$ cat protein.cif   # mmCIF, C-alpha atoms and all ligand atoms
data_query
#
loop_
_atom_site.label_atom_id
_atom_site.label_comp_id
_atom_site.auth_asym_id
_atom_site.auth_seq_id
_atom_site.Cartn_x
_atom_site.Cartn_y
_atom_site.Cartn_z
CA MET A 146 0.00 0.00 0.00
CA PHE A 147 2.84 2.37 0.94
CA TYR A 148 4.40 2.11 -2.55
CA ARG A 149 1.13 3.01 -4.26
CA GLU A 150 0.83 6.08 -2.03
CA LEU A 151 4.43 6.98 -2.84
CA ALA A 152 3.60 6.72 -6.56
CA GLU A 153 0.59 9.00 -6.08
CA GLU A 154 2.70 11.48 -4.15
CA ALA A 155 5.31 11.45 -6.93
CA GLU A 156 2.62 12.26 -9.51
CA ARG A 157 2.14 15.57 -7.72
CA TYR A 158 5.74 16.42 -8.73
CA LEU A 159 4.91 15.99 -12.42
CA GLU A 160 5.02 19.60 -13.56
CA VAL A 161 8.14 20.42 -11.58
CA VAL A 162 10.18 17.38 -12.66
CA GLN A 163 9.08 17.81 -16.28
CA GLY A 164 10.22 21.42 -16.11
CA ILE A 165 13.62 20.42 -14.71
CA ARG A 166 14.02 17.71 -17.34
CA ARG A 167 13.25 20.12 -20.19
CA GLU A 168 15.70 22.70 -18.85
CA LEU A 169 18.40 20.02 -18.64
CA HIS A 170 17.47 18.90 -22.15
CA GLN A 171 18.40 22.33 -23.48
CA ILE A 172 21.87 22.39 -21.89
CA PRO A 173 23.31 18.97 -22.81
CA GLU A 174 27.00 18.51 -22.00
CA PHE A 175 29.47 15.80 -23.00
CA GLY A 176 31.83 13.56 -21.05
CA LEU A 177 33.03 14.04 -17.50
CA ASP A 178 32.96 17.85 -17.24
CA LEU A 179 29.34 19.07 -17.09
CA PRO A 180 29.38 22.39 -15.20
CA LYS A 181 25.98 23.75 -16.29
CA THR A 182 24.28 20.43 -15.68
CA ARG A 183 25.80 20.23 -12.20
CA GLU A 184 24.64 23.77 -11.36
CA ARG A 185 21.10 22.99 -12.50
CA ILE A 186 20.89 19.84 -10.35
CA LEU A 187 22.36 21.58 -7.30
CA ALA A 188 19.67 24.26 -7.55
CA SER A 189 17.01 21.53 -7.23
CA ILE A 190 18.41 19.48 -4.34
CA HIS A 191 19.36 22.31 -2.03
CA GLY A 192 18.61 21.53 1.62
CA LEU A 193 17.80 17.84 1.09
CA GLY A 194 21.03 16.56 2.61
CA GLU A 195 24.80 16.77 2.58
CA ILE A 196 26.37 17.49 -0.81
CA HIS A 197 29.70 15.97 -1.88
CA LEU A 198 31.41 17.29 -5.00
CA SER A 199 34.54 16.16 -6.79
CA ASP A 200 36.99 18.36 -8.65
CA LYS A 201 38.00 15.58 -11.02
CA LEU A 202 34.57 15.40 -12.64
CA SER A 203 31.15 17.09 -12.32
CA SER A 204 29.67 14.45 -10.06
CA ILE A 205 27.32 15.17 -7.17
CA VAL A 206 26.60 12.86 -4.27
CA LEU A 207 23.60 13.80 -2.16
CA HIS A 208 23.67 12.13 1.25
CA ILE A 209 20.20 11.91 2.77
CA LYS A 210 20.37 10.91 6.42
CA GLY A 211 17.43 8.90 7.68
CA GLY A 212 15.66 9.61 10.96
CA GLN A 213 16.75 6.21 12.24
CA PRO A 214 20.19 4.61 12.07
CA GLY A 215 20.76 1.82 9.59
CA PRO A 216 22.68 0.77 6.51
CA THR A 217 23.17 2.73 3.28
CA VAL A 218 21.49 2.42 -0.13
CA LEU A 219 22.92 3.92 -3.33
CA LEU A 220 20.70 5.30 -6.10
CA ARG A 221 22.30 6.41 -9.36
CA ALA A 222 21.35 8.87 -12.12
CA ASP A 223 23.73 9.53 -15.02
CA MET A 224 24.15 13.04 -16.42
CA ASP A 225 25.94 13.17 -19.77
CA ALA A 226 24.70 13.73 -23.33
CA LEU A 227 25.87 12.48 -26.73
CA ALA A 228 27.61 14.27 -29.59
CA VAL A 229 24.46 14.06 -31.70
CA GLU A 230 22.74 16.94 -33.49
CA GLU A 231 19.11 16.88 -32.33
CA ASN A 232 16.42 16.53 -34.97
CA THR A 233 13.21 16.00 -33.00
CA GLY A 234 11.44 19.27 -33.72
CA LEU A 235 10.54 19.60 -30.03
CA ASP A 236 10.11 23.15 -28.80
CA TYR A 237 12.69 22.48 -26.06
CA ALA A 238 15.16 20.75 -28.41
CA SER A 239 18.88 21.26 -27.87
CA THR A 240 20.67 23.64 -30.23
CA ASN A 241 24.29 23.31 -29.05
CA GLY A 242 25.33 20.26 -31.10
CA TYR A 243 24.90 17.79 -28.24
CA MET A 244 21.74 15.92 -27.37
CA HIS A 245 20.27 14.00 -24.45
CA ALA A 246 19.55 11.24 -26.96
CA CYS A 247 19.85 8.52 -24.31
CA GLY A 248 17.41 10.11 -21.87
CA HIS A 249 19.92 10.94 -19.14
CA ASP A 250 18.02 14.22 -18.67
CA LEU A 251 15.06 12.12 -17.48
CA HIS A 252 17.39 10.12 -15.21
CA MET A 253 18.55 13.33 -13.49
CA ALA A 254 14.93 14.45 -13.03
CA ILE A 255 14.14 11.00 -11.60
CA GLY A 256 17.09 11.28 -9.18
CA ILE A 257 16.00 14.75 -8.07
CA GLY A 258 12.38 13.66 -7.56
CA ALA A 259 13.39 10.50 -5.69
CA ALA A 260 15.60 12.63 -3.43
CA HIS A 261 12.64 14.89 -2.61
CA LEU A 262 10.41 11.90 -1.81
CA LEU A 263 13.06 10.41 0.47
CA ALA A 264 13.82 13.72 2.20
CA THR A 265 10.11 14.37 2.75
CA HIS A 266 9.81 11.02 4.54
CA LYS A 267 13.26 10.91 6.09
CA ALA A 268 11.86 10.52 9.62
CA ASP A 269 10.71 7.04 8.52
CA LEU A 270 13.94 6.22 6.70
CA LYS A 271 15.82 3.51 8.61
CA GLY A 272 19.29 4.29 7.31
CA ASP A 273 20.96 6.55 4.76
CA VAL A 274 20.63 7.05 1.02
CA LEU A 275 23.33 8.26 -1.36
CA VAL A 276 21.95 9.71 -4.58
CA TRP A 277 24.69 9.65 -7.21
CA PHE A 278 24.56 12.09 -10.09
CA GLN A 279 27.21 10.63 -12.37
CA PRO A 280 28.82 12.20 -15.46
CA GLY A 281 30.54 10.33 -18.26
CA GLU A 282 28.39 7.23 -18.69
CA GLU A 283 28.70 7.19 -22.49
CA GLY A 284 32.08 5.45 -22.68
CA HIS A 285 33.99 7.78 -20.35
CA GLY A 286 34.00 5.50 -17.31
CA GLY A 287 32.38 8.02 -14.94
CA ALA A 288 31.11 5.31 -12.57
CA ASP A 289 34.65 3.92 -12.23
CA VAL A 290 36.06 7.36 -11.39
CA MET A 291 33.40 7.83 -8.70
CA LEU A 292 34.17 4.38 -7.26
CA GLU A 293 37.92 5.17 -7.27
CA GLU A 294 37.11 8.37 -5.37
CA ASN A 295 35.20 6.27 -2.80
CA MET A 296 31.99 8.19 -3.46
CA HIS A 297 30.12 5.04 -2.41
CA MET A 298 31.81 5.04 1.03
CA ILE A 299 30.63 8.47 2.23
CA THR A 300 28.57 7.14 5.16
CA GLY A 301 31.54 5.05 6.31
CA SER A 302 29.90 1.78 5.38
CA LYS A 303 29.54 0.20 1.98
CA PRO A 304 25.96 0.42 0.62
CA ILE A 305 24.03 -2.83 0.92
CA ALA A 306 22.14 -2.21 -2.35
CA ALA A 307 22.42 -0.08 -5.51
CA TYR A 308 19.69 0.74 -8.00
CA GLY A 309 19.57 2.71 -11.24
CA ILE A 310 16.92 3.33 -13.90
CA HIS A 311 17.32 3.74 -17.66
CA VAL A 312 14.57 5.09 -19.88
CA THR A 313 14.08 3.86 -23.42
CA SER A 314 12.24 5.38 -26.36
CA SER A 315 11.64 2.07 -28.14
CA TRP A 316 12.68 -1.14 -26.41
CA GLN A 317 9.79 -1.55 -24.07
CA PRO A 318 6.09 -0.62 -23.87
CA PRO A 319 5.37 2.89 -22.58
CA ARG A 320 5.12 3.24 -18.81
CA THR A 321 6.30 -0.29 -18.04
CA PHE A 322 9.38 -1.33 -16.11
CA GLY A 323 11.53 -4.23 -17.27
CA GLY A 324 14.65 -6.21 -16.61
CA LYS A 325 15.90 -9.58 -15.46
CA ALA A 326 18.16 -11.21 -12.90
CA GLY A 327 21.72 -12.04 -13.95
CA ALA A 328 23.28 -10.53 -17.07
CA LEU A 329 21.20 -7.56 -18.27
CA MET A 330 23.69 -5.67 -20.44
CA ALA A 331 26.96 -6.57 -22.13
CA SER A 332 30.57 -5.86 -21.38
CA ALA A 333 31.77 -3.63 -24.24
CA SER A 334 35.35 -3.28 -25.37
CA ASP A 335 37.29 -2.15 -28.42
CA LEU A 336 39.61 -4.18 -30.61
CA ILE A 337 41.99 -2.28 -32.90
CA VAL A 338 44.22 -4.50 -35.04
CA THR A 339 47.14 -3.27 -37.18
CA PHE A 340 49.08 -5.58 -39.51
CA THR A 341 52.52 -4.43 -40.60
CA GLY A 342 54.25 -5.99 -43.59
CA ARG A 343 56.76 -4.70 -46.13
CA GLY A 344 55.54 -2.42 -48.94
CA GLY A 345 56.30 -3.20 -52.54
CA HIS A 346 55.22 -3.29 -56.18
CA GLY A 347 51.73 -4.65 -56.81
CA SER A 348 52.99 -6.69 -59.77
CA SER A 349 55.15 -8.88 -57.52
CA PRO A 350 53.46 -9.58 -54.17
CA TRP A 351 55.86 -12.45 -53.37
CA MET A 352 58.67 -9.89 -53.16
CA ALA A 353 56.81 -7.86 -50.52
CA LYS A 354 54.87 -8.76 -47.36
CA ASP A 355 51.24 -7.85 -48.03
CA PRO A 356 49.36 -6.77 -44.87
CA ILE A 357 45.99 -6.53 -46.70
CA SER A 358 45.70 -10.27 -47.38
CA ALA A 359 46.58 -11.06 -43.76
CA MET A 360 43.93 -8.60 -42.61
CA THR A 361 41.11 -9.81 -44.87
CA ASP A 362 41.81 -13.46 -44.01
CA ALA A 363 41.85 -12.59 -40.31
CA MET A 364 38.58 -10.66 -40.61
CA ALA A 365 36.80 -13.46 -42.44
CA GLY A 366 38.09 -16.24 -40.20
CA LEU A 367 37.50 -14.42 -36.94
CA GLN A 368 33.77 -15.23 -36.90
CA THR A 369 34.42 -18.90 -37.67
CA MET A 370 37.07 -19.16 -34.98
CA ILE A 371 34.67 -17.67 -32.42
CA ASN A 372 31.98 -20.11 -33.53
CA LYS A 373 34.30 -23.06 -32.84
CA GLN A 374 35.89 -21.82 -29.59
CA PHE A 375 32.96 -20.33 -27.68
CA ASN A 376 29.79 -21.84 -26.28
CA VAL A 377 26.82 -20.58 -28.30
CA PHE A 378 24.83 -20.25 -25.05
CA ASP A 379 27.32 -17.71 -23.70
CA PRO A 380 27.42 -15.42 -26.71
CA VAL A 381 30.18 -13.19 -28.01
CA VAL A 382 29.73 -10.36 -30.52
CA VAL A 383 32.72 -9.13 -32.54
CA ASN A 384 31.63 -6.58 -35.12
CA ILE A 385 34.11 -4.82 -37.39
CA GLY A 386 33.17 -1.16 -37.79
CA TRP A 387 36.03 0.12 -39.96
CA LEU A 388 39.01 -0.97 -42.01
CA LYS A 389 41.84 0.98 -43.59
CA ALA A 390 44.51 -0.03 -46.08
CA GLY A 391 46.22 1.30 -49.18
CA ASP A 392 45.48 4.42 -51.15
CA ASP A 393 42.48 4.75 -53.46
CA HIS A 394 44.56 6.67 -56.05
CA THR A 395 46.60 3.64 -56.89
CA THR A 396 46.21 -0.10 -57.50
CA ASN A 397 49.80 -1.18 -58.07
CA VAL A 398 51.24 -0.52 -54.64
CA ILE A 399 51.41 -2.92 -51.69
CA PRO A 400 51.10 -0.78 -48.55
CA GLU A 401 53.08 -1.32 -45.40
CA LYS A 402 50.10 -1.32 -43.04
CA ALA A 403 46.48 -2.47 -42.89
CA ALA A 404 44.15 -2.05 -39.92
CA PHE A 405 40.62 -2.66 -38.70
CA GLY A 406 38.59 -1.75 -35.63
CA ALA A 407 35.81 -3.75 -33.98
CA THR A 408 33.50 -3.56 -31.00
CA ILE A 409 33.30 -6.56 -28.69
CA ARG A 410 30.38 -7.59 -26.49
CA THR A 411 30.41 -10.39 -23.91
CA PHE A 412 27.82 -11.42 -21.31
CA SER A 413 29.52 -13.31 -18.51
CA PRO A 414 32.31 -12.41 -16.08
CA GLY A 415 35.72 -13.48 -17.31
CA MET A 416 34.51 -13.95 -20.88
CA LEU A 417 36.33 -10.85 -22.14
CA ASP A 418 39.66 -12.19 -20.85
CA ASN A 419 38.94 -15.55 -22.45
CA LEU A 420 38.09 -13.85 -25.74
CA LYS A 421 41.28 -11.76 -25.64
CA LYS A 422 43.33 -14.93 -25.25
CA HIS A 423 41.74 -16.67 -28.24
CA VAL A 424 41.61 -13.61 -30.51
CA THR A 425 45.27 -12.82 -29.80
CA ALA A 426 46.36 -16.37 -30.64
CA TYR A 427 44.26 -16.38 -33.81
CA LEU A 428 45.51 -12.99 -35.07
CA GLU A 429 49.15 -13.77 -34.28
CA GLY A 430 48.84 -17.12 -36.04
CA THR A 431 47.28 -15.54 -39.13
CA ALA A 432 49.91 -12.79 -39.23
CA ALA A 433 52.69 -15.36 -38.92
CA ALA A 434 51.24 -17.37 -41.82
CA PHE A 435 51.52 -14.29 -44.04
CA GLY A 436 54.95 -13.24 -42.78
CA VAL A 437 53.68 -9.98 -41.30
CA THR A 438 53.42 -8.74 -37.72
CA VAL A 439 50.30 -7.72 -35.85
CA ASP A 440 49.66 -5.18 -33.12
CA ILE A 441 46.49 -5.64 -31.02
CA ASP A 442 45.04 -2.79 -28.99
CA TRP A 443 42.07 -3.47 -26.68
CA GLY A 444 41.23 0.19 -26.17
CA GLN A 445 41.21 2.45 -23.12
CA TYR A 446 38.19 1.14 -21.34
CA ALA A 447 35.93 -1.90 -21.13
CA THR A 448 32.63 -1.86 -19.28
CA GLU A 449 31.70 -4.68 -16.94
CA VAL A 450 28.68 -6.88 -17.63
CA VAL A 451 25.65 -5.37 -15.83
CA MET A 452 24.92 -8.33 -13.51
CA ASN A 453 21.63 -7.87 -11.70
CA ASP A 454 21.58 -9.48 -8.29
CA PRO A 455 18.67 -11.99 -8.13
CA ALA A 456 17.36 -10.78 -4.74
CA ALA A 457 17.67 -7.12 -5.74
CA THR A 458 15.77 -7.87 -8.98
CA GLU A 459 13.05 -9.68 -7.03
CA ARG A 460 12.69 -6.58 -4.88
CA VAL A 461 12.21 -4.46 -8.01
CA ARG A 462 9.47 -6.80 -9.28
CA LYS A 463 7.72 -6.61 -5.90
CA VAL A 464 7.86 -2.81 -5.56
CA VAL A 465 6.81 -2.26 -9.21
CA ARG A 466 3.79 -4.56 -8.81
CA GLU A 467 2.75 -3.00 -5.52
CA ALA A 468 3.16 0.57 -6.75
CA PHE A 469 1.92 0.27 -10.33
CA GLY A 470 0.12 -3.08 -10.70
CA GLU A 471 0.95 -6.47 -12.19
CA GLN A 472 0.94 -5.26 -15.82
CA ALA A 473 3.66 -2.68 -15.11
CA TRP A 474 6.45 -5.29 -14.99
CA MET A 475 7.87 -6.83 -18.15
CA GLU A 476 10.34 -9.66 -17.56
CA TRP A 477 13.13 -9.63 -20.15
CA PRO A 478 13.81 -12.97 -21.88
CA HIS A 479 17.49 -12.21 -22.49
CA PRO A 480 20.09 -9.45 -21.99
CA ILE A 481 20.71 -6.68 -24.51
CA ALA A 482 24.08 -6.09 -26.17
CA GLY A 483 24.24 -2.42 -25.15
CA ALA A 484 26.64 -1.52 -22.33
CA GLU A 485 26.54 0.59 -19.16
CA ASP A 486 29.15 1.57 -16.60
CA PHE A 487 26.57 0.77 -13.89
CA GLY A 488 28.12 -2.70 -14.35
CA SER A 489 31.06 -1.43 -12.24
CA VAL A 490 28.65 -0.33 -9.49
CA VAL A 491 26.87 -3.70 -9.25
CA ARG A 492 30.24 -5.47 -9.29
CA GLU A 493 30.95 -3.68 -5.96
CA ILE A 494 27.44 -3.52 -4.50
CA PRO A 495 24.60 -6.03 -5.08
CA GLY A 496 21.87 -4.24 -6.99
CA ALA A 497 19.78 -4.01 -10.10
CA PHE A 498 19.42 -1.87 -13.19
CA ILE A 499 15.89 -1.34 -14.47
CA PHE A 500 14.50 -0.12 -17.78
CA LEU A 501 11.50 2.19 -18.01
CA GLY A 502 9.50 2.53 -21.23
CA ALA A 503 9.32 6.23 -22.17
CA ALA A 504 7.94 6.17 -25.69
CA PRO A 505 5.02 8.59 -26.04
CA ALA A 506 1.86 6.78 -24.89
CA ASP A 507 0.06 6.73 -28.24
CA SER A 508 3.15 5.95 -30.33
CA ASP A 509 4.18 2.90 -32.33
CA TRP A 510 6.91 2.32 -29.72
CA GLN A 511 8.47 -0.76 -31.34
CA ASN A 512 9.25 1.25 -34.47
CA ALA A 513 10.12 4.49 -32.69
CA ALA A 514 13.57 6.08 -33.04
CA PRO A 515 15.75 4.25 -30.48
CA ASN A 516 18.03 5.66 -27.77
CA HIS A 517 21.03 7.48 -29.33
CA SER A 518 19.05 8.44 -32.46
CA ASN A 519 18.92 12.17 -33.28
CA ARG A 520 15.13 11.67 -33.52
CA ALA A 521 14.64 9.83 -30.21
CA VAL A 522 11.73 11.28 -28.22
CA PHE A 523 11.20 10.49 -24.54
CA ASP A 524 7.90 11.04 -22.75
CA ASP A 525 8.84 12.82 -19.53
CA SER A 526 5.45 12.13 -17.94
CA VAL A 527 7.04 8.80 -16.83
CA VAL A 528 9.52 10.64 -14.60
CA PRO A 529 7.32 10.52 -11.44
CA SER A 530 7.00 6.72 -11.78
CA GLY A 531 10.80 6.48 -11.85
CA CYS A 532 11.06 8.74 -8.76
CA ALA A 533 8.58 6.57 -6.86
CA LEU A 534 10.34 3.33 -7.82
CA LEU A 535 13.82 4.49 -6.75
CA ALA A 536 12.55 5.96 -3.48
CA GLY A 537 10.38 2.89 -2.88
CA LEU A 538 13.33 0.55 -3.40
CA ALA A 539 15.43 2.49 -0.88
CA PHE A 540 12.63 2.27 1.70
CA ASP A 541 12.11 -1.43 1.00
CA VAL A 542 15.81 -2.30 1.44
CA LEU A 543 16.13 -0.30 4.67
CA ASN A 544 12.83 -1.54 6.16
CA GLU A 545 13.85 -5.14 5.55
CA ALA A 546 17.29 -4.56 7.06
CA ALA A 547 15.73 -2.95 10.15
CA ALA A 548 13.27 -5.84 10.55
CA LYS A 549 16.15 -8.33 10.47
CA ALA A 550 18.35 -6.38 12.90
ZN ZN A 601 22.25 5.80 -21.51
#
$ encode --input "protein.cif" --output "structure tokens"
Amino acid sequence: MFYRELAEEAERYLEVVQGIRRELHQIPEFGLDLPKTRERILASIHGLGEIHLSDKLSSIVLHIKGGQPGPTVLLRADMDALAVEENTGLDYASTNGYMHACGHDLHMAIGIGAAHLLATHKADLKGDVLVWFQPGEEGHGGADVMLEENMHMITGSKPIAAYGIHVTSSWQPPRTFGGKAGALMASASDLIVTFTGRGGHGSSPWMAKDPISAMTDAMAGLQTMINKQFNVFDPVVVNIGWLKAGDDHTTNVIPEKAAFGATIRTFSPGMLDNLKKHVTAYLEGTAAAFGVTVDIDWGQYATEVVMNDPAATERVRKVVREAFGEQAWMEWPHPIAGAEDFGSVVREIPGAFIFLGAAPADSDWQNAAPNHSNRAVFDDSVVPSGCALLAGLAFDVLNEAAAKA
């Protein structure tokens, strides 16, 4: 009953949180340094608790102290936008060349609203809540920087649960929550491969060492090798996104170098290391067969698999059903191959990541422009539901802990 009342209370925030979201939508910022975004959030959480800022990145941690002592729960909202030129035609569309095309503006509004719900009822809160506003989710490792800075340890004890919400413009019916226990999102990594041979005359390839043939053989065989070395029920995606070799002004030259770049997705812990081992052996073997050398670069940063804790996921199902009804939960049949640095958070703290359908209510959501599209449209009337779920989860975790103590 309490969660339904919390959801009704959150609905009364609708106009305010929509307003905040639309303001944030017009000032999208990229990466780890988001000064305007940080200012805007700070203006809306003033007086709710203790504020912790970093000077390495534009993060904010809001520490809400409950009326009764108890453990800590972490709630996370990401803050950064994408380098995408908006083409939605909305009257509050961004005009600065960046776009909140992944809905992180809604996540910030959800975090702000959840913080207000928790602060309003803090006398009944049996422990503390840390609300993380985190920059640099889109491949900049913001969550890892905040963990390195011990932003999860502010109360002196490690949080016993962590939750985060992600909105989607197309992957799930409007106004429903979804997810699953176990792997929810992939580990993502880069693979940049450069073959170096010896340049020469195109008429006489045996007198040179052609890196292009080594590269094209390696590219073609890579998928077959993966098919033979990896269990099909623990999938691996290796997708080549670019290749470079030679000069398109000439056909009779063997170049010295040829290179390609791929993205890699894996879905179980340790699988990325296993993949690196096999891919390295395969590429080195292929290069050796052609008499060239190969350099393999795995990129700056790999995200962890987002592993939802089974008990934390069960808590989400329970609170969603109690607050919004049975039909509001959609169990996912399998993970998605997108990635999230929240994977680093749930590696440290048992928790769950949850998706929230934010396609406009009357839209053909399955065919709508997806997250990251310059045409992606998110219905911000779902924000209060997100606020109520995050606040409700924090209450549920702390009430259960108090009952056990
Ligand atoms: Zn996102």
$ atom_distance --input "protein.cif" --atom1 "atom CA of Val338 of chain A" --atom2 "atom CA of Ile409 of chain A"
12.8 Å
$ closest_residue --input "protein.cif" --among "A:Gly258, A:Pro515, A:Pro380, A:Pro350" --to "ligand ZN 601 (chain A)" --atoms "only C-alpha atoms and all ligand atoms"
A:Pro515
$ residues_near_ligand --input "protein.cif" --ligand "ligand ZN 601 (chain A)" --cutoff "9 Å" --atoms "all atoms listed in the file" --output "NGL selection string"
:A and (223 or 225-226 or 245-249 or 282-283 or 311-313 or 484-485 or 516-517)
$ closest_residue --input "protein.cif" --among "A:Gly212, A:Gly192, A:Pro319, A:Gly324" --to "Phe523 of chain A" --atoms "all atoms listed in the file"
A:Pro319
$ atom_distance --input "protein.cif" --atom1 "atom CA of Gly345 of chain A" --atom2 "atom CA of Val398 of chain A"
6.1 Å
$ closest_residue --input "protein.cif" --among "A:Arg221, A:His346, A:Arg410, A:Lys201" --to "Trp277 of chain A" --atoms "only C-alpha atoms"
A:Arg221
$ closest_residue --input "protein.cif" --among "A:Asn295, A:Thr182, A:Gln213, A:Gln317" --to "Asp250 of chain A" --atoms "all atoms listed in the file"
A:Thr182
$ residues_around --input "protein.cif" --residues "segment 151-165 of chain A" --least-positions-apart "6" --cutoff "6 Å" --atoms "all atoms listed in the file" --output "PDB file with C-alpha atoms, in the frame of the given file"
ATOM      1  CA  ALA A 254      14.930  14.450 -13.030  1.00  0.00           C
ATOM      2  CA  ASP A 525       8.840  12.820 -19.530  1.00  0.00           C
ATOM      3  CA  PRO A 529       7.320  10.520 -11.440  1.00  0.00           C
ATOM      4  CA  ALA A 533       8.580   6.570  -6.860  1.00  0.00           C
TER       5      ALA A 533
END
$ residues_around --input "protein.cif" --residues "Ser239 of chain A" --least-positions-apart "3" --cutoff "8 Å" --atoms "only C-alpha atoms" --output "list in words"
His170, Gln171, Ile172, Pro173, Glu231, Gly242, Tyr243 and Met244 of chain A
$ decode --input "protein.cif" --residues "segment 207-223 of chain A" --atoms "N, CA and C atoms" --output "JSON list (two decimals), in the first residue's frame"
[["chain", "number", "residue", "atom", "x", "y", "z"],
["A", 207, "LEU", "N", 24.51, 13.25, -3.17],
["A", 207, "LEU", "CA", 23.60, 13.80, -2.16],
["A", 207, "LEU", "C", 23.42, 12.73, -1.08],
["A", 208, "HIS", "N", 23.78, 13.08, 0.14],
["A", 208, "HIS", "CA", 23.67, 12.13, 1.25],
["A", 208, "HIS", "C", 22.46, 12.50, 2.09],
["A", 209, "ILE", "N", 21.43, 11.68, 1.99],
["A", 209, "ILE", "CA", 20.20, 11.91, 2.77],
["A", 209, "ILE", "C", 20.27, 11.02, 4.01],
["A", 210, "LYS", "N", 20.26, 11.67, 5.17],
["A", 210, "LYS", "CA", 20.37, 10.91, 6.42],
["A", 210, "LYS", "C", 18.98, 10.59, 6.95],
["A", 211, "GLY", "N", 18.73, 9.32, 7.17],
["A", 211, "GLY", "CA", 17.43, 8.90, 7.68],
["A", 211, "GLY", "C", 17.24, 9.27, 9.15],
["A", 212, "GLY", "N", 16.00, 9.27, 9.58],
["A", 212, "GLY", "CA", 15.66, 9.61, 10.96],
["A", 212, "GLY", "C", 16.11, 8.53, 11.93],
["A", 213, "GLN", "N", 16.32, 7.32, 11.39],
["A", 213, "GLN", "CA", 16.75, 6.21, 12.24],
["A", 213, "GLN", "C", 18.03, 5.62, 11.68],
["A", 214, "PRO", "N", 18.91, 5.15, 12.58],
["A", 214, "PRO", "CA", 20.19, 4.61, 12.07],
["A", 214, "PRO", "C", 19.97, 3.31, 11.31],
["A", 215, "GLY", "N", 20.86, 3.05, 10.38],
["A", 215, "GLY", "CA", 20.76, 1.82, 9.59],
["A", 215, "GLY", "C", 21.77, 1.85, 8.47],
["A", 216, "PRO", "N", 21.71, 0.85, 7.61],
["A", 216, "PRO", "CA", 22.68, 0.77, 6.51],
["A", 216, "PRO", "C", 22.43, 1.82, 5.42],
["A", 217, "THR", "N", 23.23, 1.75, 4.36],
["A", 217, "THR", "CA", 23.17, 2.73, 3.28],
["A", 217, "THR", "C", 22.70, 2.09, 1.98],
["A", 218, "VAL", "N", 21.91, 2.85, 1.22],
["A", 218, "VAL", "CA", 21.49, 2.42, -0.13],
["A", 218, "VAL", "C", 21.97, 3.46, -1.12],
["A", 219, "LEU", "N", 22.44, 3.00, -2.28],
["A", 219, "LEU", "CA", 22.92, 3.92, -3.33],
["A", 219, "LEU", "C", 21.93, 3.93, -4.50],
["A", 220, "LEU", "N", 21.54, 5.14, -4.92],
["A", 220, "LEU", "CA", 20.70, 5.30, -6.10],
["A", 220, "LEU", "C", 21.50, 6.10, -7.12],
["A", 221, "ARG", "N", 21.43, 5.75, -8.39],
["A", 221, "ARG", "CA", 22.30, 6.41, -9.36],
["A", 221, "ARG", "C", 21.52, 6.97, -10.55],
["A", 222, "ALA", "N", 21.87, 8.23, -10.91],
["A", 222, "ALA", "CA", 21.35, 8.87, -12.12],
["A", 222, "ALA", "C", 22.54, 9.37, -12.92],
["A", 223, "ASP", "N", 22.62, 9.03, -14.20],
["A", 223, "ASP", "CA", 23.73, 9.53, -15.02],
["A", 223, "ASP", "C", 23.35, 10.86, -15.66]]
